[in-house]
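Working notes for the structure below.
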Amino acid sequence: MAGLFPWAGGIRLDPCKQESSRHGLRVASIPPQLVFPLLQRNGRNARPLVAAGERVRRGQPIAAPDDPLLAPILASTSGVIGAIEERPLPHPSGLSGACIVLDADGRDEAVDLPPPCDHIALPIAEQRRRIHAAGIVGMGGAGFPTALKLDPGGLREIDTLVLNGAECEPYITCDDSLMRLFPADVLAGGAILMGILQARRCLLGIEADRAEAIAALESVRASGGFAGIEIVPVPAVYPAGGEKQLIRLLTGREVPAAGIPADAGVVCQNVATAAAVYRAVACGEPLLSRIVTVTGPGVRRPDNWLTRIGTPVAHLIEHGGGYTESARRLILGGPMMGVAVASDLVPVGRETGCVLVLDGVAAAAPTLPCIRCGACADVCPIRLLPQQLYWHAQADNLRRATEYGLDDCIECGCCDFVCPSRIPLVQWFRSAKGELAAQQQARRVADHARARFEARQRRQQREQQERAESARRKKEILLRASGAPAEADGESAAAEKSGMD
Amino acid sequence: MTGAAVLGLLALAFLFALCGWLLGYSGKRLRRRDDPLADRIGALLPQTQCGQCGFPGCRPYAEALARGDAEINLCPPGGEAGVKALADLLGRDPLPLRNGPPAPMAKSVARIDEDRCIGCTLCIQACPVDAIVGAAKLMHTVIAAECTGCALCLPPCPVDCIDLVPVAAGVAGWRWPAPQGN
């Protein structure tokens with residue numbers, strides 16, 4: 001693998017990918033009820049644009065973000081809004097939040113979409129606008145609004161687009177299935193993204209053991225029209241598909257701590273996002289469905305399903321033949337970085353690539369003390385010292401933990417995986433990060449309160465001075481005009497009035 | 001010989017006088033009116049402006065601490081962590097909070113029962129951060145985003161229509177708990 005810039009660390013995991021990639025892709029039916037959480041990336045709720053009882057059509061915006069840079073929420077089929085109510089969210093907290101519930105009518109009528117067009121002729125701003133209106137967010141898991149990522153503010157020059165086709169987590173094959181079946185969409189999307197970013201080259205990183213997908217992509221690329229796009233097989237080492245790791249591997253550039261890839265002249269997009277961009281810009285189709293891998297030892301028939309956004313997980317499990325007897329844990333995403341959810345009523349979102357049902361073998365073994373073996377430091381892809389971070393996180397010494405690079409931890413779970421004492425290191429780091437964020441938030445709130453308190457004190461001081469001033473003036477006027485009391489009264493009233501202003 | 005010595009002494013006296021005047025002048029002219037230590041203490045206080053320390057607000061408490069006139073354990077909203085931070089900054093020994101550890105309380109904000117409010121403006125005058133809007137004989141309301149939950153508006157209310165209600169943290173306020181059972 002010439003031309004790669006390998007990073008140290010990482011682990012080789014059993015891929016467990018055959019089960020779900022045997023049958024190609026199946027199309028899941030539209031469920032009777034779809035759920036769209038209103039919670040956005042910024043922690044606030046989007047504003048619903050529809051009311052219960054209202055009829056909506058496929059592709060219609062049903063909720064608008066409170067920040068215009070975030071992506072709108074679109075109805076993924078036609079039907080009637082059943083309710084806007086609290087439902088369990090696909091979130092590690094297991095909490096509920098406001099969701100729009102759509103009762104599908106089975107007719108699947110679409111709104112009038114922009115006609116397919118020759119996207120090369122579209123101005124860049126219009127292409128970006130179409131991506132935004134199509135509700136496209138990063139489909140690799142982070143869910144960052146794509147249109148926003150494509151607008152690095154003109155301050156940084158982007159010369160490289162990295163397409164992330166490295167599905168490094170075990171079990172997941174949704175991007176693999178996309179690249180095998182729709183390689184032309186992925187590459188055309190890459191070309192559009194390159195055009196928007198004015199990037200010179202596009203590197204598509206894909207794990208070397210995905211031979212079928214590589215062959216499909218190469219054959220489309222050979223058919224011509226994809227100048228500057230290169231398909232680069234990368235070693236199947238977890239977490240090769242991490243954004244910073246893939247950028248480092250393909251370009252040799254390091255994304256700075258607390259920075260974004262654009263700081264290194266790179267924008268990274270998932271291959272599914274690229275395909276969605278192609279369909280939105282060239283075909284006018286919004287992002288209403290995605291490929292979801294339903295797999296794991298807890299599902300009878302693992303498979304990839306083309307699924308409408310908002311489909312409850314239970315509906316997909318049903319398609320997969322239901323749970324097996326050993327099913328214990330439901331995870332959205334992969335086994336390393338996925339989010340365990342308590343209920344299968346949570347919906348599939350735009351960023352949900354995998355529904356994983358695991359059996360219950362990993363539990364029960366007790367945590368032992370850290371023996372400082374250093375195995376975690378050997379596998380950390382960021383070259384952090386997890387044992388030190390753990391030490392300081394446990395002692396609640398967040399300042400020291402930050403000095404050891406707590407903020408740079410990508411929570412990949414390599415350290416958890418190799419720890420002989422089975423210490424839940426990542427959870428310690430997540431809790432420390434949360435504590436740090438809460439402290440910073442408290443600081444901001446306190447600073448704001450102080451500013452308001454001081455403003456109030458200044459105002460009270462000023463009012464006191466003004467009152468004293470007006471009393472003095474009134475006295476003067478009274479003294480001067482003691483001969484003509486009627487007139488003085490009028491004047492003092494005027495003085496008092498001006499004092500109050 | 002004596003002439004040179006006298007000249008030398010005069011020159012020295014002149015230099016001393018000049019330096020003295022320069023020091024005196026700059027000491028008067030360049031003195032910092034604000035107190036940087038009080039600012040740093042203020043940055044550690046929670047700024048609820050609740051007055052539970054006995055001072056009329058966080059700034060006066062910070063100034064008293066900077067002068068050395070107050071103990072570091074007077075701030076219940078800051079909690080034990082706040083006392084520890086103050087002890088670190090001021091080089092004093094950490095003390096337990098004066099009135100014992102505060103009852104753990106979720107962040108709360110004041111809420112006015114608008115049906116019972118008579119529009120007396122007493123709570124508006126009591127609020128240290130101007131988080132209550134309203135006018136005489138008109139209904140008042142709390143700007144929840146600005147309220148620090150200091151409870152100073154509760155005692156003045158003649159009709160007892162203000163309550164502290166806990167703020168629901170929700171998903172946005174949720175944090176990963178530290179692992180248990182270690």
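Each chain in the structure tokens gets a letter, A, B and so on, in the order shown; residues start at 1 in every chain, and ligands are counted from 1 in the order they appear.
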Stretch 14-155 of chain B: residues DSSP assigns to strand (DSSP E or B), reported as a list in words =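 Matching residues for strand (DSSP E or B) in stretch 14-155 of chain B are Ser108, Val109, Ala110, Arg111, Ile112, Ile132, Val133, Thr141 and Val142 of chain B.
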Tell me, as number ranges by chain, which residues lie within 10 Å of B:Lys84, counting only C-alpha atoms; anything in the same chain fewer than 5 positions away does not count.
-> B: 72-73, 78-79, 89-90, 92-96
Per residue of chain B within 6 Å of chain A, what are the shortest atom pair and its distance in Å to one decimal, counting only C-alpha atoms, with rows by chain and residue number, as a tab-separated table?
residue	atom	partner	partner_atom	distance
B:Pro46	CA	A:Ala446	CA	5.5
B:Gln47	CA	A:Ala446	CA	5.0
B:Pro128	CA	A:Phe453	CA	5.7
B:Val129	CA	A:Phe453	CA	4.7
B:Ala172	CA	A:Gly43	CA	4.7
B:Arg175	CA	A:Gly434	CA	5.3
B:Trp176	CA	A:Ser431	CA	4.7
B:Pro177	CA	A:Ser431	CA	5.4
B:Ala178	CA	A:Ser431	CA	5.3
Those selected residues, please, written with C-alpha atoms and delivered as a tab-separated table (two decimals), in the first residue's frame.
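Below is the file that was written, out-v5.tsv:
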chain	number	residue	atom	x	y	z
B	46	PRO	CA	-21.17	31.27	41.12
B	47	GLN	CA	-22.60	34.77	40.61
B	128	PRO	CA	-30.20	41.31	41.45
B	129	VAL	CA	-29.92	40.48	37.76
B	172	ALA	CA	-29.37	18.51	26.17
B	175	ARG	CA	-24.16	13.80	30.76
B	176	TRP	CA	-22.51	10.42	30.81
B	177	PRO	CA	-22.39	9.23	34.42
B	178	ALA	CA	-19.07	8.01	35.80
With only C-alpha atoms as the basis for distance, which of A:Gly24, A:Pro145, A:Pro72, A:Gly296 is at the shortest distance from A:Leu181?
->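 Among the listed residues, the smallest separation from A:Leu181 belongs to A:Gly24.
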Identify all residues of stretch 27-149 of chain B in alpha helix (DSSP H) (DSSP on the backbone) and supply them as a PyMOL selection string.
-> chain B and resi 27-29+36-42+58-67+79-90+122-126
Written selection (C-alpha atoms) as a PDB file, in the first residue's frame:
ATOM      1  CA  GLY B  27       2.314  55.629  42.716  1.00  0.00           C
ATOM      2  CA  LYS B  28      -0.542  58.115  42.670  1.00  0.00           C
ATOM      3  CA  ARG B  29      -1.034  58.314  38.946  1.00  0.00           C
ATOM      4  CA  PRO B  36      -7.308  42.295  40.288  1.00  0.00           C
ATOM      5  CA  LEU B  37      -7.496  39.811  43.165  1.00  0.00           C
ATOM      6  CA  ALA B  38     -11.191  40.536  43.658  1.00  0.00           C
ATOM      7  CA  ASP B  39     -11.698  39.926  39.927  1.00  0.00           C
ATOM      8  CA  ARG B  40     -10.028  36.545  40.162  1.00  0.00           C
ATOM      9  CA  ILE B  41     -12.092  35.634  43.202  1.00  0.00           C
ATOM     10  CA  GLY B  42     -15.199  36.799  41.391  1.00  0.00           C
ATOM     11  CA  CYS B  58     -20.926  38.253  44.784  1.00  0.00           C
ATOM     12  CA  ARG B  59     -18.744  41.271  44.049  1.00  0.00           C
ATOM     13  CA  PRO B  60     -18.839  42.660  47.599  1.00  0.00           C
ATOM     14  CA  TYR B  61     -18.031  39.182  48.958  1.00  0.00           C
ATOM     15  CA  ALA B  62     -15.124  38.907  46.513  1.00  0.00           C
ATOM     16  CA  GLU B  63     -13.821  42.307  47.648  1.00  0.00           C
ATOM     17  CA  ALA B  64     -14.110  41.320  51.307  1.00  0.00           C
ATOM     18  CA  LEU B  65     -12.238  38.098  50.584  1.00  0.00           C
ATOM     19  CA  ALA B  66      -9.536  40.041  48.768  1.00  0.00           C
ATOM     20  CA  ARG B  67      -9.125  42.324  51.796  1.00  0.00           C
ATOM     21  CA  GLY B  79     -20.498  24.235  47.366  1.00  0.00           C
ATOM     22  CA  GLU B  80     -17.454  22.378  48.652  1.00  0.00           C
ATOM     23  CA  ALA B  81     -15.818  22.654  45.228  1.00  0.00           C
ATOM     24  CA  GLY B  82     -16.144  26.427  45.406  1.00  0.00           C
ATOM     25  CA  VAL B  83     -14.536  26.544  48.871  1.00  0.00           C
ATOM     26  CA  LYS B  84     -11.698  24.383  47.606  1.00  0.00           C
ATOM     27  CA  ALA B  85     -11.112  26.639  44.603  1.00  0.00           C
ATOM     28  CA  LEU B  86     -11.073  29.724  46.844  1.00  0.00           C
ATOM     29  CA  ALA B  87      -8.657  28.009  49.249  1.00  0.00           C
ATOM     30  CA  ASP B  88      -6.333  27.208  46.332  1.00  0.00           C
ATOM     31  CA  LEU B  89      -6.428  30.766  45.048  1.00  0.00           C
ATOM     32  CA  LEU B  90      -6.003  32.494  48.386  1.00  0.00           C
ATOM     33  CA  LEU B 122     -41.362  44.550  44.904  1.00  0.00           C
ATOM     34  CA  CYS B 123     -39.842  41.462  43.277  1.00  0.00           C
ATOM     35  CA  ILE B 124     -38.508  43.550  40.395  1.00  0.00           C
ATOM     36  CA  GLN B 125     -36.658  45.717  42.888  1.00  0.00           C
ATOM     37  CA  ALA B 126     -35.306  42.662  44.688  1.00  0.00           C
TER      38      ALA B 126
END
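Counting only C-alpha atoms, the residue from B:Leu97, B:Leu15, B:Val133, B:Ile143 that sits nearest to B:Cys53 is B:Leu97.
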Test item: residues at most 9 Å from A:Thr173, only C-alpha atoms, excluding those fewer than 4 positions along its chain, as a PyMOL selection string = chain A and resi 17-18+20-21+167+177-178+292-293+303-304+353-354
To one decimal place, how far is atom CA of A:Ile214 from atom CA of A:Ala188 in Å?
-> 15.6 Å
Give me, please, the distance in Å between atom CA of A:Leu49 and atom CA of A:Ala64, quoted to one decimal.
->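 Atom CA of A:Leu49 sits 6.7 Å away from atom CA of A:Ala64.
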In Å, how far is it from atom CA of A:Arg26 to atom CA of A:Arg301?
->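 Straight-line distance from atom CA of A:Arg26 to atom CA of A:Arg301 works out to 11.8 Å.
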